[in-house]
file target_19.txt (compact mmCIF, C-alpha atoms and all ligand atoms)
# COMPACT_ATOMS: atom_id res chain seq x y z
CA MET A 1 11.38 0.95 16.07
CA SER A 2 10.90 4.69 16.64
CA ALA A 3 9.77 6.00 20.05
CA GLN A 4 6.43 7.19 18.65
CA PRO A 5 3.24 5.11 18.31
CA GLU A 6 3.32 3.27 14.99
CA TYR A 7 0.25 2.56 12.86
CA ALA A 8 -0.08 0.46 9.72
CA LEU A 9 -2.97 1.48 7.49
CA ILE A 10 -3.55 -1.39 5.08
CA VAL A 11 -5.90 -0.46 2.24
CA ALA A 12 -7.87 -3.35 0.75
CA GLY A 13 -10.98 -1.64 -0.54
CA GLY A 14 -10.40 -2.09 -4.26
CA LYS A 15 -12.36 -4.19 -6.75
CA GLY A 16 -9.40 -5.45 -8.76
CA THR A 17 -10.90 -4.66 -12.17
CA ARG A 18 -7.58 -5.26 -13.97
CA MET A 19 -7.28 -8.73 -12.42
CA LYS A 20 -10.68 -9.65 -13.94
CA THR A 21 -11.61 -12.17 -11.23
CA SER A 22 -14.96 -12.16 -9.43
CA LEU A 23 -13.19 -12.44 -6.05
CA PRO A 24 -11.22 -9.22 -5.34
CA LYS A 25 -7.50 -9.90 -5.79
CA GLN A 26 -6.67 -9.22 -2.12
CA PHE A 27 -8.57 -12.42 -1.26
CA LEU A 28 -6.99 -14.64 -3.94
CA GLU A 29 -4.59 -17.24 -2.58
CA ILE A 30 -0.88 -17.33 -3.29
CA ASN A 31 1.00 -20.28 -1.85
CA GLY A 32 -2.18 -21.37 -0.03
CA ARG A 33 -2.86 -18.10 1.79
CA PRO A 34 -4.83 -14.98 0.76
CA VAL A 35 -2.73 -12.11 -0.62
CA LEU A 36 -3.99 -9.81 2.16
CA MET A 37 -2.90 -12.20 4.94
CA HIS A 38 0.64 -12.33 3.52
CA THR A 39 0.67 -8.51 3.63
CA LEU A 40 -0.63 -8.31 7.20
CA ASP A 41 1.78 -11.04 8.37
CA ALA A 42 4.73 -8.90 7.27
CA PHE A 43 3.65 -6.06 9.57
CA TYR A 44 3.22 -8.40 12.56
CA ARG A 45 6.62 -9.92 11.84
CA TYR A 46 8.02 -6.36 11.89
CA SER A 47 6.54 -5.55 15.31
CA ALA A 48 4.15 -6.99 17.88
CA THR A 49 3.14 -3.46 18.93
CA VAL A 50 2.29 -1.83 15.59
CA HIS A 51 -1.43 -0.85 15.50
CA VAL A 52 -2.91 -2.36 12.36
CA ILE A 53 -5.93 -0.75 10.72
CA LEU A 54 -7.42 -2.68 7.81
CA VAL A 55 -9.62 -0.81 5.34
CA LEU A 56 -12.28 -3.06 3.80
CA PRO A 57 -15.63 -2.43 2.06
CA ASP A 58 -18.57 -3.46 4.24
CA GLU A 59 -19.72 -5.94 1.57
CA ASP A 60 -16.31 -7.73 1.68
CA ARG A 61 -16.33 -8.27 5.45
CA PRO A 62 -18.16 -11.64 5.32
CA THR A 63 -15.59 -12.88 2.77
CA TRP A 64 -12.72 -11.71 4.97
CA GLU A 65 -14.25 -13.21 8.13
CA ALA A 66 -14.75 -16.56 6.38
CA LEU A 67 -11.11 -16.52 5.22
CA CYS A 68 -9.96 -15.69 8.78
CA ARG A 69 -11.84 -18.73 10.09
CA GLN A 70 -10.52 -20.95 7.29
CA HIS A 71 -6.90 -19.90 7.85
CA ALA A 72 -7.13 -19.50 11.67
CA PHE A 73 -6.06 -15.87 11.30
CA THR A 74 -6.50 -14.26 14.73
CA ARG A 75 -4.12 -11.28 14.63
CA PRO A 76 -5.42 -8.15 16.43
CA LEU A 77 -6.58 -5.45 14.04
CA GLN A 78 -9.18 -2.72 13.64
CA ILE A 79 -11.35 -2.89 10.52
CA VAL A 80 -12.72 0.33 9.03
CA THR A 81 -14.96 0.85 6.01
CA GLY A 82 -13.43 1.43 2.58
CA GLY A 83 -14.40 4.18 0.17
CA ALA A 84 -15.14 4.41 -3.54
CA SER A 85 -11.52 5.29 -4.37
CA ARG A 86 -8.12 4.60 -2.82
CA PHE A 87 -8.08 8.24 -1.65
CA GLN A 88 -11.38 7.78 0.18
CA SER A 89 -10.24 4.50 1.73
CA VAL A 90 -7.04 6.09 3.07
CA GLN A 91 -8.96 9.17 4.21
CA ASN A 92 -11.43 7.06 6.16
CA GLY A 93 -8.66 4.99 7.73
CA LEU A 94 -6.80 8.12 8.85
CA ARG A 95 -9.97 9.45 10.53
CA HIS A 96 -9.79 6.50 12.93
CA ILE A 97 -6.30 7.35 14.19
CA HIS A 98 -6.04 9.84 17.06
CA GLY A 99 -3.01 11.46 18.64
CA ALA A 100 0.58 11.76 17.47
CA GLY A 101 2.69 9.09 15.83
CA LEU A 102 3.68 7.64 12.48
CA VAL A 103 1.54 5.82 9.94
CA ALA A 104 2.71 3.45 7.21
CA ILE A 105 0.11 3.43 4.44
CA HIS A 106 0.45 0.20 2.49
CA ASP A 107 -1.46 -1.49 -0.33
CA GLY A 108 -3.06 -4.73 0.86
CA VAL A 109 -2.05 -6.16 -2.51
CA ARG A 110 1.72 -5.81 -1.96
CA PRO A 111 2.20 -9.11 -0.09
CA LEU A 112 5.99 -9.37 -0.53
CA ILE A 113 6.83 -6.33 1.57
CA SER A 114 9.77 -7.07 3.88
CA GLU A 115 10.17 -6.25 7.54
CA ASP A 116 13.38 -4.37 6.66
CA ILE A 117 11.56 -1.96 4.35
CA ILE A 118 8.78 -1.42 6.89
CA ALA A 119 11.40 -0.68 9.56
CA ALA A 120 13.29 1.72 7.29
CA SER A 121 10.09 3.57 6.43
CA PHE A 122 9.22 4.20 10.09
CA ARG A 123 12.80 5.12 10.99
CA LEU A 124 13.15 7.62 8.11
CA ALA A 125 9.65 9.13 8.47
CA ALA A 126 10.43 9.90 12.12
CA VAL A 127 13.34 12.04 10.91
CA HIS A 128 12.06 13.51 7.62
CA GLY A 129 8.27 13.55 8.08
CA SER A 130 7.79 11.23 5.10
CA ALA A 131 9.44 8.08 3.76
CA VAL A 132 8.23 6.67 0.45
CA ALA A 133 9.60 3.44 -1.03
CA ALA A 134 10.88 3.80 -4.60
CA VAL A 135 12.96 1.86 -7.14
CA ARG A 136 14.92 2.84 -10.25
CA LEU A 137 13.61 1.95 -13.70
CA LYS A 138 15.12 -1.07 -15.43
CA ASP A 139 13.59 -0.41 -18.87
CA SER A 140 14.10 2.48 -21.26
CA ILE A 141 11.26 4.97 -21.33
CA ARG A 142 9.77 7.35 -23.89
CA VAL A 143 7.24 10.13 -23.47
CA THR A 144 4.39 10.11 -25.98
CA ASP A 145 1.60 12.30 -27.24
CA GLN A 146 -0.87 11.39 -29.98
CA HIS A 147 1.72 11.81 -32.76
CA HIS A 148 5.30 11.48 -31.51
CA THR A 149 7.45 9.68 -28.98
CA ARG A 150 10.69 10.94 -27.45
CA ALA A 151 13.32 9.19 -25.34
CA VAL A 152 13.74 10.55 -21.82
CA ASP A 153 16.46 10.10 -19.24
CA ARG A 154 15.30 7.26 -17.00
CA SER A 155 17.81 8.14 -14.28
CA GLN A 156 15.57 11.11 -13.44
CA TYR A 157 12.57 8.88 -12.65
CA ARG A 158 11.54 6.42 -9.95
CA LEU A 159 8.77 3.84 -9.65
CA ILE A 160 6.85 4.54 -6.47
CA GLN A 161 5.75 1.77 -4.14
CA THR A 162 4.21 1.50 -0.71
CA PRO A 163 4.75 1.69 2.24
CA GLN A 164 4.44 5.45 2.23
CA THR A 165 5.03 6.44 5.83
CA PHE A 166 4.33 9.84 7.38
CA LYS A 167 4.05 11.78 10.59
CA LEU A 168 0.36 11.57 11.39
CA ASP A 169 -0.41 15.29 11.61
CA LEU A 170 1.19 15.89 8.20
CA ILE A 171 -0.76 13.21 6.32
CA GLN A 172 -4.06 13.80 8.15
CA GLN A 173 -3.90 17.47 7.21
CA ALA A 174 -3.10 16.54 3.59
CA TYR A 175 -6.05 14.13 3.40
CA ALA A 176 -8.41 16.77 4.84
CA LEU A 177 -8.23 18.58 1.46
CA PRO A 178 -10.69 17.62 -1.31
CA GLU A 179 -10.01 14.57 -3.47
CA ASP A 180 -8.19 15.09 -6.78
CA ALA A 181 -8.43 11.98 -8.98
CA THR A 182 -5.07 12.72 -10.62
CA LEU A 183 -3.29 12.04 -7.29
CA THR A 184 -2.70 8.29 -7.29
CA ASP A 185 -0.71 7.85 -4.10
CA ASP A 186 -0.20 9.30 -0.63
CA ALA A 187 3.02 11.09 -1.56
CA SER A 188 1.13 13.05 -4.23
CA VAL A 189 -1.55 13.99 -1.70
CA ALA A 190 1.09 15.16 0.81
CA GLU A 191 2.97 17.06 -1.89
CA ARG A 192 -0.20 18.86 -3.02
CA ALA A 193 -0.55 20.05 0.61
CA GLY A 194 2.92 21.63 0.42
CA HIS A 195 5.14 18.91 1.88
CA THR A 196 8.48 17.77 0.50
CA ILE A 197 8.60 14.01 -0.08
CA SER A 198 11.56 11.86 1.02
CA LEU A 199 12.18 8.71 -0.98
CA PHE A 200 14.10 5.64 0.16
CA GLU A 201 15.15 2.43 -1.58
CA GLY A 202 12.23 0.02 -2.05
CA SER A 203 12.56 -3.42 -3.59
CA TYR A 204 11.80 -4.92 -6.99
CA ASP A 205 10.08 -7.86 -5.32
CA ASN A 206 7.64 -5.54 -3.51
CA LEU A 207 5.31 -5.89 -6.44
CA LYS A 208 1.70 -4.78 -6.53
CA ILE A 209 -0.64 -7.59 -7.52
CA THR A 210 -2.51 -5.93 -10.38
CA THR A 211 -2.85 -8.28 -13.38
CA PRO A 212 -2.90 -12.11 -13.57
CA GLU A 213 0.82 -12.64 -14.28
CA ASP A 214 1.65 -10.82 -11.01
CA LEU A 215 0.16 -13.78 -9.10
CA ILE A 216 2.58 -16.18 -10.81
CA VAL A 217 5.58 -13.96 -10.08
CA ALA A 218 4.50 -13.47 -6.45
CA GLU A 219 4.12 -17.23 -5.95
CA ALA A 220 7.58 -17.81 -7.38
CA LEU A 221 9.14 -15.16 -5.14
CA LEU A 222 7.38 -16.49 -2.03
CA THR A 223 8.49 -20.03 -2.85
CA ALA A 224 12.08 -18.85 -3.27
CA ARG A 225 11.96 -17.31 0.23
CA GLN A 226 10.82 -20.54 1.93
N1 LIG A 301 -11.62 2.10 -3.38
C1 LIG A 301 -10.39 1.59 -3.19
C2 LIG A 301 -9.53 1.30 -4.27
C3 LIG A 301 -8.29 0.72 -4.03
N2 LIG A 301 -7.94 0.44 -2.74
C4 LIG A 301 -6.68 -0.26 -2.48
O1 LIG A 301 -5.58 0.45 -3.00
C5 LIG A 301 -4.55 -0.47 -3.35
C6 LIG A 301 -3.97 -0.19 -4.73
O2 LIG A 301 -5.04 -0.18 -5.66
P1 LIG A 301 -5.13 -1.05 -6.98
O3 LIG A 301 -4.04 -1.99 -7.14
O4 LIG A 301 -5.46 -0.13 -8.09
O5 LIG A 301 -6.39 -1.96 -6.61
P2 LIG A 301 -7.82 -2.01 -7.26
O6 LIG A 301 -8.46 -0.66 -7.23
O7 LIG A 301 -8.50 -3.12 -6.54
O8 LIG A 301 -7.49 -2.49 -8.75
P3 LIG A 301 -8.06 -1.97 -10.13
O9 LIG A 301 -7.55 -0.55 -10.27
O10 LIG A 301 -7.49 -2.91 -11.14
O11 LIG A 301 -9.55 -2.04 -10.06
C7 LIG A 301 -5.16 -1.88 -3.25
O12 LIG A 301 -4.66 -2.51 -2.08
C8 LIG A 301 -6.62 -1.61 -3.18
O13 LIG A 301 -7.37 -2.60 -2.46
C9 LIG A 301 -8.78 0.76 -1.68
O14 LIG A 301 -8.44 0.50 -0.53
N3 LIG A 301 -10.01 1.33 -1.93
C1 LIG A 302 -0.07 3.65 -4.30
C2 LIG A 302 0.57 2.96 -5.46
O1 LIG A 302 0.62 1.56 -5.25
C3 LIG A 302 2.00 3.44 -5.62
O2 LIG A 302 2.60 2.81 -6.71
C4 LIG A 302 -0.16 3.22 -6.75
O3 LIG A 302 -0.13 4.59 -7.03
C5 LIG A 302 -1.58 2.71 -6.77
O4 LIG A 302 -2.10 2.96 -8.05
P1 LIG A 302 -3.41 2.28 -8.61
O5 LIG A 302 -3.87 3.19 -9.70
O6 LIG A 302 -4.37 2.23 -7.47
O7 LIG A 302 -3.00 0.96 -9.14
call {"tool": "encode", "arguments": {"input": "target_19.txt", "output": "structure tokens", "more": "lines below"}}
Ligand SMILES: Nc1ccn([C@@H]2O[C@H](COP(=O)(O)OP(=O)(O)OP(=O)(O)O)[C@@H](O)[C@H]2O)c(=O)n1
Ligand SMILES: C[C@](O)(CO)[C@H](O)COP(=O)(O)O
result
Amino acid sequence: MSAQPEYALIVAGGKGTRMKTSLPKQFLEINGRPVLMHTLDAFYRYSATVHVILVLPDEDRPTWEALCRQHAFTRPLQIVTGGASRFQSVQNGLRHIHGAGLVAIHDGVRPLISEDIIAASFRLAAVHGSAVAAVRLKDSIRVTDQHHTRAVDRSQYRLIQTPQTFKLDLIQQAYALPEDATLTDDASVAERAGHTISLFEGSYDNLKITTPEDLIVAEALLTARQ
């Protein structure tokens, strides 16, 4: 752990349109427990003192509270209201954090995050200002326009994950600027504000639950860990 206060901002305000289920994917169960609880559990396993802020839409709170009762989930956390986009959910979460410290922004739908990666992100962000989990590509890639495709050098690219961990003043200042829908993650928002982004090694099993087959893979990976 670093000497500074540590916050985990877990965003779970999405609708999961690509999952095509009526229940948002963060509430779907994998191995008998909601995706979001697996995610939160990883942060409590990392540290008993990390301040956890959970971003949820107001209309999803009854669902979450019912799941907490059903699964006897009593971990301490602060719930704040989600926004219409991931940007707005993160922005609202950051408004509820005061003072200096570090914040790990993490998708509620990345339930396989490990304590080691969380620890590395805080440790490296304390030194560099930012620490963003990333992995190398395993497939070949091509760039396309409407008419042509062209092979590109995959060694120059990374797949970006969360956690994306920052010094608080840096990321709060970056999120004070207007929303730009082309910025899909926190690193892009920080970069737009003039900050250099530091990457560190993420993990292929830190998958984001996005489409139905991701649930099957996540269950298999969780089972293999037991
Ligand atoms: N208004 C939003 C939109 C997204 N998120 C969160 O951002 C993370 C990554 O988003 P994504 O996987 O795209 O989730 P959804 O927006 O729910 O999915 P989809 O794009 O398929 O609708 C998720 O934990 C999601 O809950 C959020 O907090 N608030
Ligand atoms: C933040 C993120 O998970 C990093 O890979 C990703 O950018 C979220 O993208 P989405 O469009 O919300 O799926």
call {"tool": "residues_around", "arguments": {"input": "target_19.txt", "residues": "region 99-106 of chain A", "least_positions_apart": "3", "cutoff": "9 Å", "atoms": "all atoms listed in the file", "output": "MDAnalysis selection string"}}
result
chainID A and resid 2:11 39 90 94 109:110 118 121:122 125:126 129 131 161:169 171 186
call {"tool": "residues_near_point", "arguments": {"input": "target_19.txt", "point": "(11.0, 14.1, -6.1)", "cutoff": "9 Å", "atoms": "all atoms listed in the file", "output": "list in words"}}
result
Tyr157, Arg158, Thr196, Ile197, Ser198 and Leu199 of chain A
call {"tool": "residues_near_ligand", "arguments": {"input": "target_19.txt", "ligand": "ligand LIG 302 (chain A)", "cutoff": "10 Å", "atoms": "only C-alpha atoms and all ligand atoms", "output": "PyMOL selection string"}}
result
chain A and resi 11+14+16+18+85-87+105-110+132-134+159-164+181-188+207-210
call {"tool": "atom_distance", "arguments": {"input": "target_19.txt", "atom1": "CA of Arg136 (chain A)", "atom2": "CA of Ile113 (chain A)"}}
result
17.0 Å
call {"tool": "atom_distance", "arguments": {"input": "target_19.txt", "atom1": "CA of Pro57 (chain A)", "atom2": "CA of Gly13 (chain A)"}}
result
5.4 Å
call {"tool": "atom_distance", "arguments": {"input": "target_19.txt", "atom1": "CA of Arg142 (chain A)", "atom2": "CA of Thr17 (chain A)"}}
result
26.6 Å
call {"tool": "axis_aligned_box", "arguments": {"input": "target_19.txt", "around": "region 36-43 of chain A", "padding_each_side": "6 Å", "output": "AutoDock Vina command-line options"}}
result
--center_x 0.4 --center_y -9.2 --center_z 5.9 --size_x 20.7 --size_y 18.3 --size_z 19.4
call {"tool": "closest_residue", "arguments": {"input": "target_19.txt", "among": "A:Ala72, A:Ile117, A:Ala42, A:Leu67", "to": "Glu29 (chain A)", "atoms": "only C-alpha atoms"}}
result
A:Leu67
call {"tool": "closest_residue", "arguments": {"input": "target_19.txt", "among": "A:Thr49, A:Gln70, A:Ser89, A:Thr81", "to": "ligand LIG 301 (chain A)", "atoms": "only C-alpha atoms and all ligand atoms"}}
result
A:Ser89
call {"tool": "closest_residue", "arguments": {"input": "target_19.txt", "among": "A:Ser114, A:Gln172, A:Asn31, A:Ser22", "to": "Leu215 (chain A)", "atoms": "only C-alpha atoms"}}
result
A:Asn31
call {"tool": "closest_residue", "arguments": {"input": "target_19.txt", "among": "A:Ile97, A:Tyr44, A:Leu221, A:Phe27", "to": "Ala66 (chain A)", "atoms": "only C-alpha atoms"}}
result
A:Phe27
call {"tool": "closest_residue", "arguments": {"input": "target_19.txt", "among": "A:Val127, A:Ala84, A:Leu28, A:Val35", "to": "ligand LIG 301 (chain A)", "atoms": "all atoms listed in the file"}}
result
A:Ala84
call {"tool": "closest_residue", "arguments": {"input": "target_19.txt", "among": "A:Thr223, A:Gln78, A:Gln156, A:Thr211", "to": "ligand LIG 301 (chain A)", "atoms": "all atoms listed in the file"}}
result
A:Thr211
call {"tool": "residues_around", "arguments": {"input": "target_19.txt", "residues": "Leu170 (chain A)", "least_positions_apart": "3", "cutoff": "9 Å", "atoms": "only C-alpha atoms", "output": "mmCIF file with C-alpha atoms, keeping the file's coordinate frame"}}
result
data_model
loop_
_atom_site.group_PDB
_atom_site.id
_atom_site.type_symbol
_atom_site.label_atom_id
_atom_site.label_comp_id
_atom_site.auth_asym_id
_atom_site.auth_seq_id
_atom_site.Cartn_x
_atom_site.Cartn_y
_atom_site.Cartn_z
ATOM 1 C CA GLY A 129 8.270 13.550 8.080
ATOM 2 C CA SER A 130 7.790 11.230 5.100
ATOM 3 C CA PHE A 166 4.330 9.840 7.380
ATOM 4 C CA LYS A 167 4.050 11.780 10.590
ATOM 5 C CA GLN A 173 -3.900 17.470 7.210
ATOM 6 C CA ALA A 174 -3.100 16.540 3.590
ATOM 7 C CA TYR A 175 -6.050 14.130 3.400
ATOM 8 C CA ALA A 190 1.090 15.160 0.810
ATOM 9 C CA ALA A 193 -0.550 20.050 0.610
ATOM 10 C CA HIS A 195 5.140 18.910 1.880
#
call {"tool": "residues_near_point", "arguments": {"input": "target_19.txt", "point": "(-15.4, -8.6, 1.0)", "cutoff": "10 Å", "atoms": "all atoms listed in the file", "output": "ChimeraX atom specification"}}
result
/A:12-15,23-24,26-27,56-67
